[in-house]
Each structure stands twice: as structure tokens, then as C-alpha cells.
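Peer 1: Below you'll find work-v9.txt; it's compact mmCIF, C-alpha atoms and all ligand atoms.
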```
# COMPACT_ATOMS: atom_id res chain seq x y z
CA MET A 111 -12.80 51.90 151.41
CA PRO A 112 -14.76 49.08 149.72
CA ASP A 113 -14.84 45.80 151.60
CA LYS A 114 -12.65 42.90 150.59
CA GLU A 115 -15.36 41.03 148.72
CA SER A 116 -16.26 44.04 146.61
CA ALA A 117 -15.11 44.14 143.02
CA LEU A 118 -13.89 47.66 143.74
CA PHE A 119 -11.47 46.47 146.38
CA VAL A 120 -7.88 46.88 145.30
CA GLN A 121 -5.56 44.31 146.73
CA PRO A 122 -2.79 46.11 148.62
CA GLY A 123 0.80 45.24 148.04
CA VAL A 124 0.45 44.98 144.29
CA LYS A 125 4.05 46.06 143.91
CA ALA A 126 5.29 43.22 146.13
CA VAL A 127 3.32 40.67 144.15
CA HIS A 128 4.82 42.00 140.94
CA ASP A 129 8.29 41.97 142.43
CA GLY A 130 7.81 38.37 143.36
CA MET A 131 6.93 37.48 139.81
CA GLU A 132 9.81 39.31 138.24
CA SER A 133 12.70 37.28 136.99
CA THR A 134 16.01 37.71 138.78
CA LYS A 135 17.40 39.29 135.67
CA ARG A 136 14.75 42.00 135.59
CA ARG A 137 14.95 42.60 139.32
CA LYS A 138 18.59 43.44 138.92
CA PHE A 139 17.61 46.48 136.91
CA LYS A 140 14.52 47.44 138.88
CA LYS A 141 15.80 47.68 142.41
CA LYS A 142 13.01 48.14 144.93
CA ARG A 143 13.22 51.53 146.55
CA LYS A 144 13.28 51.67 150.30
CA GLU A 145 11.20 54.43 151.87
CA ILE A 146 13.15 56.82 154.04
CA ASN A 147 11.86 58.26 157.26
CA ILE A 148 12.72 61.89 156.57
CA LYS A 149 11.92 63.23 160.05
CA GLN A 150 14.15 60.59 161.61
CA LEU A 151 16.97 61.21 159.15
CA ALA A 152 16.76 64.94 159.88
CA LEU A 153 17.14 64.23 163.60
CA ASP A 154 20.02 61.83 162.96
CA VAL A 155 21.83 64.42 160.85
CA GLN A 156 21.47 66.92 163.68
CA THR A 157 23.13 64.58 166.17
CA GLY A 158 26.27 65.05 164.08
CA SER A 159 26.44 61.46 162.87
CA LYS A 160 28.75 61.46 159.84
CA LEU A 161 27.13 58.31 158.56
CA HIS A 162 23.70 59.92 158.43
CA LEU A 163 25.11 63.14 157.03
CA ALA A 164 26.70 61.16 154.19
CA LYS A 165 23.39 59.36 153.62
CA ALA A 166 21.55 62.69 153.47
CA ILE A 167 24.06 64.12 150.99
CA THR A 168 23.76 61.05 148.79
CA LEU A 169 19.97 61.46 148.81
CA LEU A 170 20.26 65.10 147.71
CA GLU A 171 22.79 64.24 145.02
CA SER A 172 20.58 61.52 143.55
CA SER A 173 18.97 62.07 140.18
CA ASN A 174 16.17 59.59 140.95
CA LEU A 175 12.83 61.42 141.01
CA ASP A 176 11.59 59.92 144.30
CA ASP A 177 14.93 60.68 145.92
CA LYS A 178 14.71 64.25 144.70
CA VAL A 179 11.35 64.76 146.38
CA GLU A 180 12.53 63.20 149.63
CA GLY A 181 15.81 65.11 149.45
CA GLN A 182 13.99 68.43 149.23
CA ALA A 183 11.67 67.43 152.08
CA LEU A 184 14.74 66.66 154.17
CA LEU A 185 16.33 69.98 153.29
CA LYS A 186 13.16 71.82 154.26
CA GLU A 187 13.11 69.99 157.58
CA LEU A 188 16.72 71.00 158.26
CA LEU A 189 16.60 74.54 156.92
CA PRO A 190 15.89 76.17 160.32
CA HIS A 191 19.14 74.63 161.59
CA THR A 192 21.35 75.98 158.81
CA GLY A 193 23.18 79.24 158.26
CA LYS A 194 25.19 79.40 161.47
CA SER A 195 28.60 78.68 160.00
CA ILE A 196 31.33 80.77 158.45
CA ARG A 197 31.49 79.82 154.79
CA ILE A 198 34.95 80.17 153.33
CA GLY A 199 35.93 79.69 149.69
CA ILE A 200 39.54 78.85 148.84
CA THR A 201 40.88 79.20 145.33
CA GLY A 202 44.24 79.31 143.55
CA VAL A 203 45.95 77.85 140.50
CA PRO A 204 46.59 74.09 140.46
CA GLY A 205 49.51 73.39 142.76
CA ALA A 206 49.11 76.58 144.80
CA GLY A 207 48.77 74.32 147.84
CA LYS A 208 45.03 74.62 148.50
CA SER A 209 44.56 71.08 149.78
CA THR A 210 47.67 71.27 151.97
CA PHE A 211 46.52 74.62 153.32
CA ILE A 212 43.08 73.21 154.12
CA GLU A 213 44.68 70.25 155.90
CA THR A 214 46.83 72.45 158.18
CA PHE A 215 44.24 75.19 158.61
CA GLY A 216 41.49 72.66 159.27
CA LYS A 217 43.50 70.96 162.00
CA MET A 218 44.20 74.32 163.60
CA LEU A 219 40.49 75.19 163.58
CA ILE A 220 39.63 71.87 165.21
CA GLU A 221 42.23 72.47 167.93
CA LYS A 222 40.42 75.73 168.62
CA GLY A 223 37.15 73.86 169.10
CA HIS A 224 35.55 74.20 165.68
CA LYS A 225 33.89 71.54 163.55
CA VAL A 226 35.12 71.72 159.98
CA ALA A 227 33.50 70.53 156.76
CA VAL A 228 35.52 70.52 153.54
CA LEU A 229 33.75 70.50 150.17
CA ALA A 230 34.98 70.97 146.64
CA ILE A 231 33.90 72.34 143.33
CA ASP A 232 35.97 70.81 140.63
CA PRO A 233 35.12 71.81 137.08
CA SER A 234 37.37 69.06 135.68
CA SER A 235 35.56 66.31 137.54
CA SER A 236 32.55 66.42 135.24
CA ILE A 237 34.86 65.88 132.28
CA ASN A 238 37.25 63.19 133.47
CA GLY A 239 35.30 61.76 136.40
CA GLY A 240 38.12 62.66 138.76
CA SER A 241 38.08 65.02 141.69
CA ILE A 242 40.51 67.45 143.23
CA LEU A 243 39.92 65.77 146.53
CA GLY A 244 40.23 62.35 144.97
CA ASP A 245 43.77 62.37 146.18
CA LYS A 246 42.83 62.50 149.80
CA THR A 247 46.48 61.89 150.68
CA ARG A 248 47.10 65.52 151.45
CA MET A 249 44.15 65.65 153.79
CA GLU A 250 44.84 62.34 155.39
CA GLU A 251 45.31 63.69 158.89
CA LEU A 252 42.32 65.99 158.68
CA SER A 253 40.09 63.21 157.42
CA ARG A 254 40.91 61.17 160.52
CA GLU A 255 39.73 63.93 162.84
CA PRO A 256 36.34 63.15 164.37
CA LYS A 257 35.40 66.82 164.05
CA ALA A 258 36.20 67.02 160.34
CA PHE A 259 34.03 65.98 157.43
CA ILE A 260 35.51 65.84 153.94
CA ARG A 261 33.30 65.44 150.92
CA PRO A 262 34.85 65.19 147.48
CA SER A 263 33.26 67.09 144.65
CA PRO A 264 30.09 65.59 143.17
CA ALA A 265 31.56 63.51 140.40
CA ALA A 266 29.27 64.25 137.51
CA GLY A 267 27.02 66.83 136.00
CA THR A 268 27.02 70.32 134.61
CA LEU A 269 28.66 73.14 136.49
CA GLY A 270 25.18 74.32 137.48
CA GLY A 271 24.36 70.87 138.84
CA VAL A 272 27.61 70.62 140.76
CA HIS A 273 26.91 74.09 142.12
CA LYS A 274 23.45 73.08 143.34
CA LYS A 275 24.78 69.96 145.01
CA THR A 276 27.62 71.80 146.73
CA ARG A 277 25.26 74.44 148.06
CA GLU A 278 22.83 71.89 149.42
CA THR A 279 25.65 69.83 150.92
CA MET A 280 26.87 72.95 152.66
CA LEU A 281 23.44 73.45 154.25
CA LEU A 282 23.32 69.83 155.41
CA CYS A 283 26.78 70.19 156.98
CA GLU A 284 25.60 73.25 158.86
CA ALA A 285 22.60 71.35 160.18
CA ALA A 286 25.03 68.67 161.35
CA GLY A 287 26.82 71.26 163.47
CA TYR A 288 29.82 72.15 161.29
CA ASP A 289 30.54 75.77 162.06
CA ILE A 290 33.27 76.28 159.48
CA ILE A 291 32.76 75.25 155.86
CA LEU A 292 35.78 75.29 153.56
CA ILE A 293 35.11 75.03 149.83
CA GLU A 294 38.08 74.31 147.59
CA THR A 295 37.99 75.25 143.94
CA VAL A 296 40.58 75.50 141.21
CA GLY A 297 41.20 79.08 140.16
CA VAL A 298 40.52 78.53 136.51
CA GLY A 299 37.30 79.05 134.61
CA GLN A 300 33.93 79.77 136.08
CA SER A 301 33.97 77.83 139.29
CA GLU A 302 35.46 80.55 141.47
CA THR A 303 32.63 82.93 140.57
CA ILE A 304 30.20 80.22 141.58
CA VAL A 305 31.96 79.63 144.89
CA ARG A 306 32.14 83.37 145.55
CA GLY A 307 28.36 83.32 145.19
CA MET A 308 27.93 80.89 148.06
CA VAL A 309 30.53 81.92 150.64
CA ASP A 310 30.99 84.73 153.13
CA PHE A 311 34.74 85.01 152.76
CA PHE A 312 36.91 84.26 149.75
CA LEU A 313 40.60 83.41 150.01
CA LEU A 314 42.97 83.40 147.08
CA LEU A 315 46.20 81.42 147.41
CA VAL A 316 49.03 82.62 145.20
CA LEU A 317 52.72 81.84 144.86
CA THR A 318 55.74 84.11 145.02
CA GLY A 319 56.76 86.23 142.08
CA ALA A 320 53.78 88.53 141.98
CA GLY A 321 55.15 90.21 138.84
CA ASP A 322 54.65 87.09 136.75
CA GLU A 323 51.58 85.98 138.63
CA LEU A 324 49.83 89.29 138.37
CA GLN A 325 50.37 89.44 134.68
CA GLY A 326 49.04 85.97 134.15
CA MET A 327 46.20 86.25 136.58
CA LYS A 328 42.87 87.59 135.60
CA LYS A 329 42.09 90.80 137.40
CA GLY A 330 38.61 89.34 137.86
CA ILE A 331 39.75 86.67 140.30
CA MET A 332 41.66 89.23 142.37
CA GLU A 333 38.48 91.27 142.65
CA LEU A 334 36.64 88.31 144.13
CA ALA A 335 39.09 87.84 146.99
CA ASP A 336 38.76 89.18 150.53
CA THR A 337 42.32 88.11 151.31
CA VAL A 338 45.26 87.03 149.18
CA VAL A 339 47.67 84.59 150.82
CA VAL A 340 51.13 84.28 149.37
CA HIS A 341 51.59 80.60 150.08
CA LYS A 342 54.68 78.40 150.59
CA ALA A 343 56.42 81.20 152.47
CA ASP A 344 59.05 78.87 153.90
CA GLY A 345 62.74 77.98 153.53
CA ASP A 346 64.47 80.06 150.89
CA ASN A 347 61.17 81.46 149.81
CA VAL A 348 60.46 83.60 152.89
CA ARG A 349 62.14 86.77 151.63
CA ASN A 350 60.57 86.45 148.26
CA ALA A 351 57.17 85.92 149.83
CA LYS A 352 57.48 89.13 151.84
CA LYS A 353 58.35 91.04 148.70
CA THR A 354 55.42 89.48 146.90
CA VAL A 355 53.04 90.45 149.70
CA ALA A 356 54.16 94.07 149.36
CA GLU A 357 53.58 93.94 145.60
CA TYR A 358 50.11 92.51 146.06
CA LYS A 359 49.24 95.17 148.61
CA GLN A 360 50.10 97.83 146.08
CA PHE A 361 48.12 96.15 143.37
CA LEU A 362 45.09 95.46 145.56
CA HIS A 363 45.02 99.10 146.48
CA VAL A 364 43.86 100.07 143.03
CA LEU A 365 41.35 97.25 142.62
CA GLN A 366 37.69 97.22 143.50
CA PRO A 367 37.35 95.40 146.86
CA ALA A 368 35.19 92.26 146.86
CA THR A 369 33.34 93.34 149.98
CA PRO A 370 32.21 96.94 150.56
CA ASN A 371 34.22 98.73 153.25
CA TRP A 372 36.74 95.91 153.54
CA THR A 373 40.25 96.44 152.23
CA THR A 374 41.41 93.19 150.67
CA LYS A 375 44.37 91.95 152.72
CA ALA A 376 47.62 90.33 151.57
CA LEU A 377 49.42 87.93 153.91
CA ALA A 378 52.22 85.36 153.72
CA ALA A 379 51.79 81.80 155.01
CA SER A 380 53.33 78.36 154.98
CA SER A 381 51.27 75.25 155.52
CA TYR A 382 54.41 73.13 155.80
CA GLU A 383 55.70 75.16 158.72
CA ASN A 384 52.30 76.20 159.98
CA LYS A 385 53.26 79.86 159.83
CA GLY A 386 50.91 82.72 159.22
CA LEU A 387 47.77 80.60 159.39
CA ASP A 388 46.77 82.08 162.72
CA LYS A 389 46.94 85.48 161.04
CA VAL A 390 44.61 84.22 158.32
CA LEU A 391 42.12 83.13 160.97
CA GLU A 392 42.40 86.48 162.77
CA THR A 393 41.67 88.22 159.49
CA ILE A 394 38.60 86.08 158.89
CA GLU A 395 37.37 86.82 162.42
CA ALA A 396 37.89 90.56 161.97
CA PHE A 397 36.08 90.39 158.63
CA ARG A 398 33.16 88.54 160.17
CA LEU A 399 32.78 90.97 163.07
CA GLN A 400 32.97 93.98 160.79
CA CYS A 401 30.50 92.58 158.29
CA ILE A 402 28.02 91.56 160.96
CA GLU A 403 28.24 95.00 162.49
CA ASN A 404 27.75 96.94 159.27
CA GLY A 405 25.04 94.62 157.97
CA GLU A 406 27.07 93.31 155.02
CA TRP A 407 26.95 89.73 156.33
CA ASP A 408 23.19 89.36 156.15
CA HIS A 409 22.95 91.53 153.07
CA ARG A 410 25.38 89.31 151.15
CA ARG A 411 23.65 86.12 152.22
CA ASN A 412 20.25 87.46 151.20
CA GLU A 413 21.64 88.55 147.85
CA GLN A 414 23.19 85.11 147.40
CA THR A 415 19.89 83.42 148.10
CA LYS A 416 18.13 85.66 145.59
CA GLU A 417 20.80 84.98 142.95
CA TRP A 418 20.49 81.28 143.69
CA PHE A 419 16.75 81.40 143.20
CA LYS A 420 17.21 83.22 139.89
CA ALA A 421 19.81 80.69 138.73
CA MET A 422 17.44 77.84 139.60
CA ILE A 423 14.63 79.44 137.60
CA LEU A 424 16.93 79.66 134.57
CA ASP A 425 18.06 76.08 135.09
CA HIS A 426 14.48 74.93 135.29
CA LEU A 427 13.48 76.83 132.16
CA VAL A 428 16.34 75.40 130.15
CA ASP A 429 15.54 71.87 131.36
CA ALA A 430 11.85 72.31 130.56
CA PHE A 431 12.63 73.73 127.12
CA TYR A 432 14.99 70.98 125.99
CA GLY A 433 12.92 68.39 127.82
CA THR A 434 9.90 69.07 125.56
CA PRO A 435 9.59 66.18 123.09
CA GLY A 436 11.01 67.04 119.69
CA LYS A 437 12.54 70.34 120.85
CA LYS A 438 16.15 69.28 120.42
CA ASP A 439 15.49 68.18 116.81
CA GLN A 440 13.70 71.42 116.13
CA VAL A 441 16.67 73.38 117.43
CA SER A 442 19.06 71.38 115.21
CA GLN A 443 16.83 71.99 112.22
CA PHE A 444 16.76 75.75 112.84
CA GLU A 445 20.51 75.68 113.38
CA ARG A 446 21.01 74.27 109.91
CA GLU A 447 18.62 76.79 108.39
CA ILE A 448 20.39 79.67 110.12
CA LEU A 449 23.75 78.52 108.74
CA GLN A 450 22.30 78.19 105.25
CA GLY A 451 20.96 81.71 105.47
CA GLY A 452 17.34 80.59 105.19
CA ILE A 453 16.29 82.23 108.43
CA THR A 454 17.73 84.75 110.88
CA VAL A 455 18.51 83.92 114.50
CA ALA A 456 15.76 86.23 115.70
CA GLN A 457 13.22 84.57 113.39
CA ALA A 458 14.26 81.13 114.60
CA ILE A 459 13.79 82.23 118.21
CA GLU A 460 10.37 83.61 117.42
CA GLU A 461 9.40 80.33 115.76
CA LEU A 462 10.78 78.21 118.59
CA PHE A 463 8.84 80.07 121.23
CA LYS A 464 5.54 80.22 119.40
CA PRO A 465 2.97 78.65 121.73
CA GLU A 466 2.02 75.98 119.16
CA ASN A 467 5.66 74.85 118.90
N1 LIG B 501 57.13 74.58 150.31
C1 LIG B 501 55.84 74.35 150.45
N2 LIG B 501 55.20 73.50 149.62
C2 LIG B 501 53.88 73.28 149.79
C3 LIG B 501 53.15 73.91 150.83
N3 LIG B 501 51.87 73.53 150.73
C4 LIG B 501 51.80 72.66 149.70
N4 LIG B 501 53.01 72.50 149.14
C5 LIG B 501 53.32 71.61 147.98
O1 LIG B 501 52.70 72.11 146.82
C6 LIG B 501 52.22 71.05 146.00
C7 LIG B 501 50.77 71.21 145.67
O2 LIG B 501 49.99 71.10 146.86
P1 LIG B 501 48.42 70.83 146.87
O3 LIG B 501 47.99 71.04 148.26
O4 LIG B 501 48.11 69.56 146.24
O5 LIG B 501 47.95 71.99 145.92
P2 LIG B 501 46.47 72.25 145.35
O6 LIG B 501 46.40 73.72 145.15
O7 LIG B 501 45.45 71.63 146.21
O8 LIG B 501 46.54 71.53 143.97
P3 LIG B 501 45.29 71.07 143.03
O9 LIG B 501 44.28 70.45 143.92
O10 LIG B 501 45.92 70.13 142.09
O11 LIG B 501 44.80 72.30 142.35
C8 LIG B 501 52.53 69.77 146.75
O12 LIG B 501 53.73 69.20 146.26
C9 LIG B 501 52.71 70.23 148.17
O13 LIG B 501 53.55 69.38 148.90
C10 LIG B 501 53.85 74.81 151.70
O14 LIG B 501 53.32 75.42 152.65
N5 LIG B 501 55.20 74.97 151.47
MG MG B 502 43.87 70.24 145.83
```
Take the structure in the file and write it out as C-alpha cells.
Peer 2:
Amino acid sequence: MPDKESALFVQPGVKAVHDGMESTKRRKFKKKRKEINIKQLALDVQTGSKLHLAKAITLLESSNLDDKVEGQALLKELLPHTGKSIRIGITGVPGAGKSTFIETFGKMLIEKGHKVAVLAIDPSSSINGGSILGDKTRMEELSREPKAFIRPSPAAGTLGGVHKKTRETMLLCEAAGYDIILIETVGVGQSETIVRGMVDFFLLLVLTGAGDELQGMKKGIMELADTVVVHKADGDNVRNAKKTVAEYKQFLHVLQPATPNWTTKALAASSYENKGLDKVLETIEAFRLQCIENGEWDHRRNEQTKEWFKAMILDHLVDAFYGTPGKKDQVSQFEREILQGGITVAQAIEELFKPEN
């Protein structure tokens, strides 16, 4: 390094000097970024501190470029400590009782000595800024448990972005010692396919009256489930629920199972009366043991990681494409020409991807 008298010497702390000269008004917009000690944060997350876990999640959710780099460094640091949980996806139509189920089921798991993290994928949140877990009221008791961690859905972004954040949050929770991860998603649209792609076990909550339900429900969702729970099997509804379970069993029989060599189960349960939830847990345990034994557990996780990698490549390509200066205008221009019949779609694609474009 040149000595201080040399003309080549660069005064350190240039940024601080600049900051000092900035007007208060400007400083408001250009907040100085505090460096994070990634190794220390990784250790803190592993102690199980919820505060540090939340800080780590916020870092990974950030769209700031520096945060992104640090977030990925943190994830890399923690990666060897992930993967040891059971990842469970829970879906069902709005009002099926998913949040209530998670509250009761979560408390039961904690009583049995588990640490439970609850995450959400909420396709509506990116549109209206809300979140299915925004109304934490139904998980009030669970959220007070020291061994529970509840994280509402990332509030903004594309489905792909929300997906990425949920997956990374799940890994952070595992590093923090949560051995059961519950992911809630509304059974409409694409989000359940996304959740299926990141969990070991997928639970579908349905209501009584399978006849109507089955007609309205997409066969596709049924084929994602490892177990169907006929929920709210309480009070006057018990008999009906039993009948519905029988109907589902028949129906499931003819469907393609979601997991090879596992017959998709149908059970009845009530979160209000805490009935049947122990049976759900037994089923998950049996599923886990069977899948570990026959290799399906690791196979599925490896496949999921590969799919994830592929999805990220596509994401990256799309971002890079539209991120190229002028590309969006070019696309609009071609769009107009296609509609006017001046060019075919295939020609437009060829033009768009010409190296000089
Ligand atoms: N009878 C009965 N009602 C229940 C049970 N579980 C939930 N409910 C009721 O069903 C309604 C919906 O419950 P939620 O837990 O909010 O359902 P959800 O599936 O999370 O709903 P969204 O998040 O809006 O998709 C509420 O009025 C609950 O009180 C149950 O076990 N028995
Ligand atoms: Mg809910």
C-alpha cells in the first residue's frame, strides 16, 4: 500500500466522509448499510434464538443486492445443518380449517417434544398484500409456545419468488432445530403444486359431503395428497364425516397415488375436539418409516432439489432476458406486429434471440 504522503494513497473511510456531508434529507433515502457477521449469525441461528432466526429470514427475503449476497453466504454456512426435519404441506379450500388444524396439531407435536415451524404460501398475498396467517388469531396459542415459530407468508412478489423465499425459510428453520415444518397453502391455483414440490408429506383437508366436494375438486389436487383428512368431524357432523371418509377411500382407490407404494389414506378429524389428530401423526410416522426404508424419502428430496435448480435457472433466464435494456419495448413492438399479421410468432422469437438483439 502506498504511504500516506503519496499521491496514490487513498484516504480510507471515504463513504463516512460522504455520509457526513450528505443533507439529512438525502440520508433519509440512502440509509447506511450495516455489515453483518455471517458466521456469528449462523451460530446464533443454530442456538435456536427466534430473534436471530427472524433476522436471518429477513436477510434472505431482502431484495437489496448486498443482502442477497450475504443471505446466500448465510444459507451456505447453514446448509450442513438442514434437512433433518419432516416437511409437511397442508392444503384445503378456504375455510377447510387449515389454520385451526395447524394450531391444534402443532400444540400436540410440541407436547410430544417436537419443535414446530409454521410457514405459508399464499397466492393472494402478492395481489392484496394480505396473508393467510395475517389473522394470527387462530394460532394464538401456538404462537405463544416457546417451541413454535410462525412465519406469515412473504408479503410480496411473484409466485416463484414466494416459493424461493418459503423454501429458504424452511432450510433456516431446520438449521434452528425445528424438526417439523408445516406449510399452509390455499387449495386453489398453483400454490399446492409448488408446496408439493418442497415437502415430504402432503395433507389435504376436506369437508363432509364428498359427493359435492369430489365433483368440485380437481382430481389433480387429490393426486398430490398422501392423506386426505375429512375435517370438522364433530357434533352432528361425525356420522357424515365417517360416510365421507368411506367415499374418499373408494375414490382414492382408483387414483394414482402421490407417493409410490403408499396408498393414500383417508381419515376423519376434529381440531375443535382434538379427535383423530393422533391418527394423523401416526400415519405420517408410518409414511416416513416406509419411505426411508424403501429409499423414496431421499429419492424425492433429491428430485425436489433438482427441480428447484431447474426452476431457478428458468427464473434467472427470464430475469436476464427482460432485464436487458430495451428488451421489454422490443417485445411490445413484436407483439403489435404479430397482432397486425406482419410477422409470425416463430419469426418474432427468432428475431428476439438473435445475438445482436
Ligand atoms: N366444527 C368445527 N369447525 C372448525 C374446526 N376447525 C376450524 N373450524 C372453523 O372453520 C372456520 C375456518 O377455519 P380456519 O382455520 O380459518 O380455516 P382455513 O382453512 O385456515 O381458512 P383460510 O386460511 O381462510 O383458507 C373457522 O370458523 C373455524 O372456527 C373443527 O375442527 N370443527
Ligand atoms: Mg388459514
Peer 1: Near Leu334 of chain A, counting only C-alpha atoms, which residues have an atom at most 12 Å away, once you skip same-chain residues fewer than 3 positions from it, shown as a VMD selection string?
Peer 2: chain A and resid 199 to 202 297 301 to 307 309 to 314 328 to 331 337 to 338 362 365 to 370 374
Peer 1: Which of these, A:Asp429, A:Met308, A:Ile148, A:Ala230, has the shortest distance to His162 of chain A once you count only C-alpha atoms?
Peer 2: A:Ile148
Peer 1: Kindly give the distance, in Å, that separates atom CA of Asp388 of chain A and atom CA of Glu278 of chain A, rounded to a single decimal.
Peer 2: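 Computing it gives 29.2 Å between the two atoms.
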Peer 1: Would you mind telling me which residue in A:Lys342, A:Arg398, A:Arg446, A:Arg349 lies nearest to Thr210 of chain A when using only C-alpha atoms?
Peer 2: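 Among the listed residues, A:Lys342 lies closest to Thr210 of chain A.
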Peer 1: Pick from A:Thr214, A:Gln450, A:Ser159, A:Ser209: nearest to ligand MG 502 (chain B), with only C-alpha atoms and all ligand atoms counted?
Peer 2: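 Selected residue with least distance to ligand MG 502 (chain B): A:Ser209.
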Peer 1: May I have the residues at most 12 Å from (18.2, 75.5, 157.1) in the file's coordinates, counting all atoms listed in the file, as a list in words?
Peer 2: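 The residues near that point, listed by chain and number, are Ala152, Gln156, Gln182, Ala183, Leu184, Leu185, Lys186, Glu187, Leu188, Leu189, Pro190, His191, Thr192, Gly193, Lys194, Ser195, Arg277, Glu278, Thr279, Met280, Leu281, Leu282, Cys283, Glu284, Ala285, Ala286 and Gly287 of chain A.
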Peer 1: Could you jot down the atom O5 of ligand LIG 501 (chain B) to atom CA of Leu317 of chain A separation for me, Å, one decimal place?
Peer 2: 11.0 Å
Peer 1: Could you give me the residues within 7 Å of ligand LIG 501 (chain B), counting all atoms listed in the file, as a list in words?
Peer 2: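 For ligand LIG 501 (chain B), the residues inside 7 Å are Gly202, Val203, Pro204, Gly205, Ala206, Gly207, Lys208, Ser209, Thr210, Phe211, Ile242, Leu243, Arg248, Val296, His341, Lys342, Ala343, Asp344, Ala379, Ser380, Ser381, Tyr382 and Glu383 of chain A.
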Peer 1: Rounded to one decimal place, report the atom CA of Val348 of chain A-atom MG of ligand MG 502 (chain B) distance in Å.
Peer 2: 22.4 Å
Peer 1: Residues near Gly436 of chain A, anyone? I mean within 12 Å using all atoms listed in the file, not counting same-chain ones fewer than 5 positions away, as a ChimeraX atom specification.
Peer 2: /A:431,441-443,462,467
Peer 1: For ligand MG 502 (chain B), which of A:Glu357, A:Asp289, A:Glu251, A:Glu294 is the closest residue, counting only C-alpha atoms and all ligand atoms?
Peer 2: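 Using only C-alpha atoms and all ligand atoms, ligand MG 502 (chain B) sits closest to A:Glu294.
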Peer 1: Using all atoms listed in the file, find all polymer residues with an atom at most 7 Å away from the point (47.9, 74.6, 161.2); report them as an mmCIF file with C-alpha atoms, keeping the file's coordinate frame.
Peer 2:
```cif
data_model
loop_
_atom_site.group_PDB
_atom_site.id
_atom_site.type_symbol
_atom_site.label_atom_id
_atom_site.label_comp_id
_atom_site.auth_asym_id
_atom_site.auth_seq_id
_atom_site.Cartn_x
_atom_site.Cartn_y
_atom_site.Cartn_z
ATOM 1 C CA THR A 214 46.830 72.450 158.180
ATOM 2 C CA PHE A 215 44.240 75.190 158.610
ATOM 3 C CA GLY A 216 41.490 72.660 159.270
ATOM 4 C CA LYS A 217 43.500 70.960 162.000
ATOM 5 C CA MET A 218 44.200 74.320 163.600
ATOM 6 C CA SER A 381 51.270 75.250 155.520
ATOM 7 C CA ASN A 384 52.300 76.200 159.980
ATOM 8 C CA LEU A 387 47.770 80.600 159.390
#
```
Peer 1: Would you mind telling me which residue in A:Ala227, A:Val179, A:Leu169, A:Met249 lies nearest to ligand MG 502 (chain B) when using only C-alpha atoms and all ligand atoms?
Peer 2: A:Met249
Peer 1: Find, counting only C-alpha atoms, the residue in A:Ser173, A:Thr373, A:Gln400, A:Thr168 that gets nearest to Phe361 of chain A.
Peer 2: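 Between A:Ser173, A:Thr373, A:Gln400, A:Thr168, the residue approaching Phe361 of chain A most closely is A:Thr373.
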Peer 1: Kindly compute an axis-aligned box around the listed atoms of segment 179-196 of chain A, allowing 5 Å on each side, and express its centre and edge lengths in Å to one decimal as AutoDock Vina command-line options.
Peer 2:
```
--center_x 21.3 --center_y 72.0 --center_z 154.0 --size_x 30.0 --size_y 27.6 --size_z 25.2
```
